[in-house]
Amino acid sequence: MKQRYTLFRRGRVFYCQDSTNGHQESLRTRDESEARALLHSRNEAFRQPVLNIQIARAYLSANDPQICKRTWPALMDEMDSGKTGPTLIRHRRAMLDKAFDTIRHLPIVETQPIHFLNTVEAGSVSTSVFLRRMHNFALDMGWLPWPVLAKKRWPKIRFKEKRSVTWEEHQAIVAGELNPERRSYYECCWHLGGAQSDVANLTAEDIDWQTKIVSFFRQKTGTPSIIRFGGELERVLRSLPLSGPLFPFHGIKRETHRSREFARSPLRPIGHPRNYAP
């Protein structure tokens with residue numbers, strides 16, 4: 001192993017020079033044997049941590065030959081498996097976050113806490129959430145032999161305040177909406193309290209007119225939702241198709257498109273998330 005510090009004499013005093021950055025420092029001695037002893041101690045102080053890392057790499061590589069070469073993009077790609085639809089799209093979009101550039105080409109086992117802290121500081125709430133998922137996935141896969149950051153050392157995630165639409169805001173949004181189908185959609189979101197995709201995919205067959213009940217399965221949880229409706233919602237439902245999808249044009253749109261439409265509304269309350277459902 002190459003020695004980091006070298007010895008030289010200037011006048012009658014001995015100096016050492018750092019071979020990595022060229023920095024020179026006086027050893028404050030004129031005795032050559034004492035100077036060599038000081039130089040040896042400095043080289044050993046540097047050599048031991050480096051040697052320990054090399055020994056650790058040798059042991060880890062015996063079990064997994066790729067563990068010392070595997071970088072974070074390999075983990076990002078592996079996390080794609082098992083994800084489909086919007087979840088996969090959301091994950092891939094999150095992995096393109098520029099904040100991850102601080103660790104993108106860094107070997108996983110060489111990641112230090114400061115790398116994670118710099119990534120969190122450079123990113124947003126989403127960056128912190130997905131970085132935790134990546135960290136936990138690496139631990140579960142055995143690609144990290146120990147946690148990079150202990151649970152107590154992770155910066156606290158602070159989400160923005162969220163609230164639902166008030167009755168006055170709902171009235172203003174419906175009154176200002178010129179598209180009949182979208183206006184009926186907002187009315188159903190208000191009365192049913194369902195997620196935007198659940199309401200957008202309702203069909204006429206989900207309505208029991210005899211008992212005045214709307215029933216559907218929530219896409220996110222798979223649990224059934226059974227809601228009895230009154231006169232106001234009945235008036236809206238009567239204006240919709242008698243068979244098939246209740247919102248034939250609005251229902252085929254992606255959830256992100258429906259959210260953007262609501263976000264573009266000039267009557268949308270400031271600070272509310274881009275989703276009509278509370």
# chains A, B, ... in the order shown; residues from 1 in each chain; ligands from 1

$ residues_around --residues "Val13 of chain A" --least-positions-apart "6" --cutoff "12 Å" --atoms "only C-alpha atoms" --output "compact mmCIF listing (two decimals) with N, CA and C atoms, in the first residue's frame"
# COMPACT_ATOMS: atom_id res chain seq x y z
N LEU A 7 8.59 12.00 3.90
CA LEU A 7 9.46 12.81 4.75
C LEU A 7 10.47 13.59 3.90
N GLU A 25 3.67 20.00 6.21
CA GLU A 25 3.55 20.38 7.62
C GLU A 25 4.85 20.06 8.35
N SER A 26 5.26 20.97 9.20
CA SER A 26 6.49 20.77 9.97
C SER A 26 6.26 19.74 11.08
N LEU A 27 7.25 18.85 11.26
CA LEU A 27 7.20 17.88 12.34
C LEU A 27 7.82 18.42 13.62
N ARG A 28 8.36 19.64 13.53
CA ARG A 28 8.93 20.37 14.67
C ARG A 28 10.05 19.59 15.38
N THR A 29 10.87 18.97 14.59
CA THR A 29 12.03 18.25 15.16
C THR A 29 13.19 18.28 14.17
N ARG A 30 14.40 18.24 14.76
CA ARG A 30 15.61 18.18 13.94
C ARG A 30 16.23 16.79 13.98
N ASP A 31 15.66 15.93 14.82
CA ASP A 31 16.18 14.57 14.97
C ASP A 31 15.53 13.66 13.92
N GLU A 32 16.34 13.01 13.11
CA GLU A 32 15.80 12.20 12.02
C GLU A 32 15.03 10.98 12.53
N GLU A 34 13.45 10.64 15.36
CA GLU A 34 12.17 11.10 15.91
C GLU A 34 11.21 11.47 14.78
N ALA A 35 11.73 12.11 13.73
CA ALA A 35 10.90 12.49 12.60
C ALA A 35 10.32 11.26 11.91

$ residues_around --residues "segment 204-212 of chain A" --least-positions-apart "5" --cutoff "7 Å" --atoms "only C-alpha atoms" --output "MDAnalysis selection string"
chainID A and resid 228:229 241:246

$ closest_atom_pairs --of "segment 210-262 of chain A" --to "segment 165-188 of chain A" --cutoff "8 Å" --atoms "only C-alpha atoms" --output "JSON lines"
{"residue": "A:Leu233", "atom": "CA", "partner": "A:Cys188", "partner_atom": "CA", "distance": 6.9}
{"residue": "A:Val236", "atom": "CA", "partner": "A:Ser184", "partner_atom": "CA", "distance": 6.3}
{"residue": "A:Phe247", "atom": "CA", "partner": "A:Glu181", "partner_atom": "CA", "distance": 6.5}
{"residue": "A:His250", "atom": "CA", "partner": "A:Arg182", "partner_atom": "CA", "distance": 7.1}

$ closest_residue --among "A:Ala45, A:Val214, A:Val125, A:Val120" --to "Glu234 of chain A" --atoms "only C-alpha atoms"
A:Val214

$ atom_distance --atom1 "atom CA of Ser197 of chain A" --atom2 "atom CA of Ile227 of chain A"
16.5 Å

$ closest_residue --among "A:Leu149, A:Met134, A:Ile89, A:Ala74" --to "His115 of chain A" --atoms "only C-alpha atoms"
A:Leu149

$ closest_residue --among "A:Arg163, A:His135, A:Arg104, A:Lys156" --to "Glu121 of chain A" --atoms "only C-alpha atoms"
A:Lys156

$ residues_around --residues "segment 17-22 of chain A" --least-positions-apart "5" --cutoff "8 Å" --atoms "only C-alpha atoms" --output "PDB file with N, CA, C and O atoms, in the first residue's frame"
ATOM      1  N   ARG A   4       0.918   7.419   2.517  1.00  0.00           N
ATOM      2  CA  ARG A   4       0.275   8.715   2.266  1.00  0.00           C
ATOM      3  C   ARG A   4       1.213   9.874   2.551  1.00  0.00           C
ATOM      4  O   ARG A   4       1.216  10.877   1.831  1.00  0.00           O
ATOM      5  N   TYR A   5       2.025   9.752   3.592  1.00  0.00           N
ATOM      6  CA  TYR A   5       2.912  10.856   3.996  1.00  0.00           C
ATOM      7  C   TYR A   5       4.367  10.503   3.675  1.00  0.00           C
ATOM      8  O   TYR A   5       4.804   9.373   3.885  1.00  0.00           O
ATOM      9  N   THR A   6       5.072  11.472   3.174  1.00  0.00           N
ATOM     10  CA  THR A   6       6.503  11.313   2.879  1.00  0.00           C
ATOM     11  C   THR A   6       7.307  12.320   3.687  1.00  0.00           C
ATOM     12  O   THR A   6       6.786  13.366   4.102  1.00  0.00           O
ATOM     13  N   LEU A   7       8.592  12.004   3.899  1.00  0.00           N
ATOM     14  CA  LEU A   7       9.459  12.813   4.752  1.00  0.00           C
ATOM     15  C   LEU A   7      10.473  13.590   3.901  1.00  0.00           C
ATOM     16  O   LEU A   7      10.988  13.068   2.919  1.00  0.00           O
ATOM     17  N   PHE A   8      10.711  14.825   4.319  1.00  0.00           N
ATOM     18  CA  PHE A   8      11.782  15.596   3.689  1.00  0.00           C
ATOM     19  C   PHE A   8      12.284  16.619   4.716  1.00  0.00           C
ATOM     20  O   PHE A   8      11.641  16.881   5.746  1.00  0.00           O
TER      21      PHE A   8
END

$ closest_residue --among "A:Asp140, A:Arg158, A:His191, A:Asn118" --to "Gly230 of chain A" --atoms "only C-alpha atoms"
A:His191

$ closest_residue --among "A:Asp80, A:Glu255, A:Asp101, A:Glu44" --to "Phe137 of chain A" --atoms "only C-alpha atoms"
A:Asp80

$ closest_residue --among "A:Gly82, A:Ile226, A:Phe249, A:Leu75" --to "Gly142 of chain A" --atoms "only C-alpha atoms"
A:Leu75
